Each structure stands twice: as C-alpha cells, then as structure tokens.
Amino acid sequence: MRPRRIRSGMLEVRLLDRTADALARARGLPLEEAVAEAFRRGLGVLSGREPLPNTEDAELDDLIATVMETEAGEALNAWRVLHRLRQYENLEPEVERLQADNKRLTARALPNLARSRRSTRQPLPDACSTAAGTGDDSSASELRHVGRGRARKSCSLSYHGSRHRGRGGARLRARLARSRRRGELAAAVRGLWSGGPLPRARPGTARPQ
Amino acid sequence: MAFGLAALYRERDLEQLDHSDPAALAAERQRLRTVHMQLDGRLSPLRFAVFELARTNRILEIRESALRIDNRGLRLRLGDADPE
C-alpha cells in the first residue's frame, strides 16, 4: 500500500490509492483539483470559517459531525501507521547492521578485554617480597638482612600502602602518644615521691586551680 | 485533507437527500449510525497500531543509539580509525 504523490499548485500530497479514488469520486473532479478542494475545505472546517454540512435535523447534524470526525481520524491514523511503518522499515535493518558490527567488534576486542580484566584481578608485583625472597632486586641489598617481615615494615612504595599499613601510620603515632603520656604520668608520680618538681603541663591541658 | 475529504463526502450525501421526507431523514440517521460504528471499529485497531509502532520505533531508536556508542567505544579500544 504505497502512497501516490499528487501535485496541485503549491500543494503536494501523498495519497493512498483508496483515498485518491474516494476523493475523485466525492467531487467528480480531476484528482488534482479534488485534492486542492479537499485541502481548502478541511482548512475551512478546522478553522471554523466554513460551516459543517447542515440540515434541519439536530440529531442528524450531530451524527454528521461525529462521522466526519471519526472518518478524518481513521484517515489520519491510517496515514500515521504507514508513516511509522516506513520509519520501522528504515530502523530495523540499521539496528541489525549495527548489531552485527557490534558482534564482530566484540569478538575482535575480546582477547584484549580478557587481558585487561585479568590484569586488574592480579595483585601488583611485590617488590619487597621479591627483594626478601630472591635478593635480585635493586633494593634487596639493604633489605635482605632484615628478612621478610622487616622488609615489609620498611617498605615505602606508595602502591603498597593498603597492604603494609598498620604500623607506620596513625595507630603507631597514637600508641607513642599514649606511652609518652604514661611516661609523663610516671615521672610526675616519681617526682611526687622524690619531692622533685612536677612536669610542666602542656599548653591547654592545665587545670584551673 | 482528511477533514476536507470527510466534509465533501457528507456534503455529497446530503445533496442526494430529500430534506422534507422524515422517512429519508430517519434512514439517513440510521445509515450514519452504522457508518459510525464501522468507522469506530476500524479506528480502534489503527490507534493501537499507531501506539505499538511508535513504541517499537522508540525502542529501536534507543537500541540504535546504544549500539552506535558501544561500537565507537570498541573501535577506539581496538585502535580502529574507520569512522561510523
């Protein structure tokens, strides 16, 4: 059901055969003139400039208006279906082509993808364990004698932070601070016992007397 | 066009109608009711088809965009220079 292209003056329309035949029959005019007439009449009706077909019978008038509206709706929807079918006919092969392309590209890229995934799963090479284990690393000479455990503690490689954290960071500092406070307390107690001076309070920690 | 054509149809029918004859008017009313029922019966599936096709086309458009983007990414990954 392909639309027929009809030109009438400045107006160019595509009509279904069914519509074109109906149009020619309705006016008894050549198709081009009937198209122009229907277009003009439709504009007049829709804009309200031209009255709808009128009789003395109100019910008949209502029926005529309803049928007109439904008939126009049917024609418009038939046209919409054809338009969307044409869109679908253009879209479907394009999507199929892209899908085949995608399949081909994925097959080509699959080894690369698998390699990159494997590389993210594997841990980074451990310079410290290499140094402690084999001793052929550049940093091995200074680490070999302390053994594996010490080597890990003294490791300064930034990307080992997550593996070797725990002794050299905030926890160690906090422990040192606690021990210093305990030492100060012990010294103060010793001073009390020995009769010596109390250690000076740190700024901000002195209690008001 | 559609409205104009429908109006022309109805005008043609009315030209052939004897407005002074109540029986003819009643018959015309009955005929129009039947026509309306038939048209309504054809209109509903058409509306449904329009809705279905619009949705299908929308999904196809989304898939088309997604595949284009995916293919472009894969081409870049492979170092393929040929553009889409």
# chains A, B, ... in the order shown; residues from 1 in each chain; ligands from 1

$ select_by_dssp --residues "stretch 7-40 of chain B" --states "alpha helix (DSSP H)" --output "list in words"
Ala7, Leu8, Tyr9, Arg10, Glu11, Arg12, Asp13, Leu14, Glu15, Pro22, Ala23, Ala24, Leu25, Ala26, Ala27, Glu28, Arg29, Gln30, Arg31, Leu32, Arg33, Thr34, Val35, His36, Met37, Gln38, Leu39 and Asp40 of chain B

$ interface_residues --of "chain B" --to "chain A" --cutoff "8 Å" --atoms "only C-alpha atoms" --output "PyMOL selection string"
chain B and resi 1-12+14+19+25+28-29+32-33+35-36+39-40+42-43+46-47+49-50+53-54+56-57+60-61+63-64+67-68+70-71+74-75+77-78

$ atom_distance --atom1 "atom CA of A:Arg14" --atom2 "atom CA of A:Glu32"
11.4 Å

$ atom_distance --atom1 "atom CA of A:Leu11" --atom2 "atom CA of B:Phe51"
28.9 Å

$ atom_distance --atom1 "atom CA of A:Ser47" --atom2 "atom CA of A:Glu12"
20.8 Å
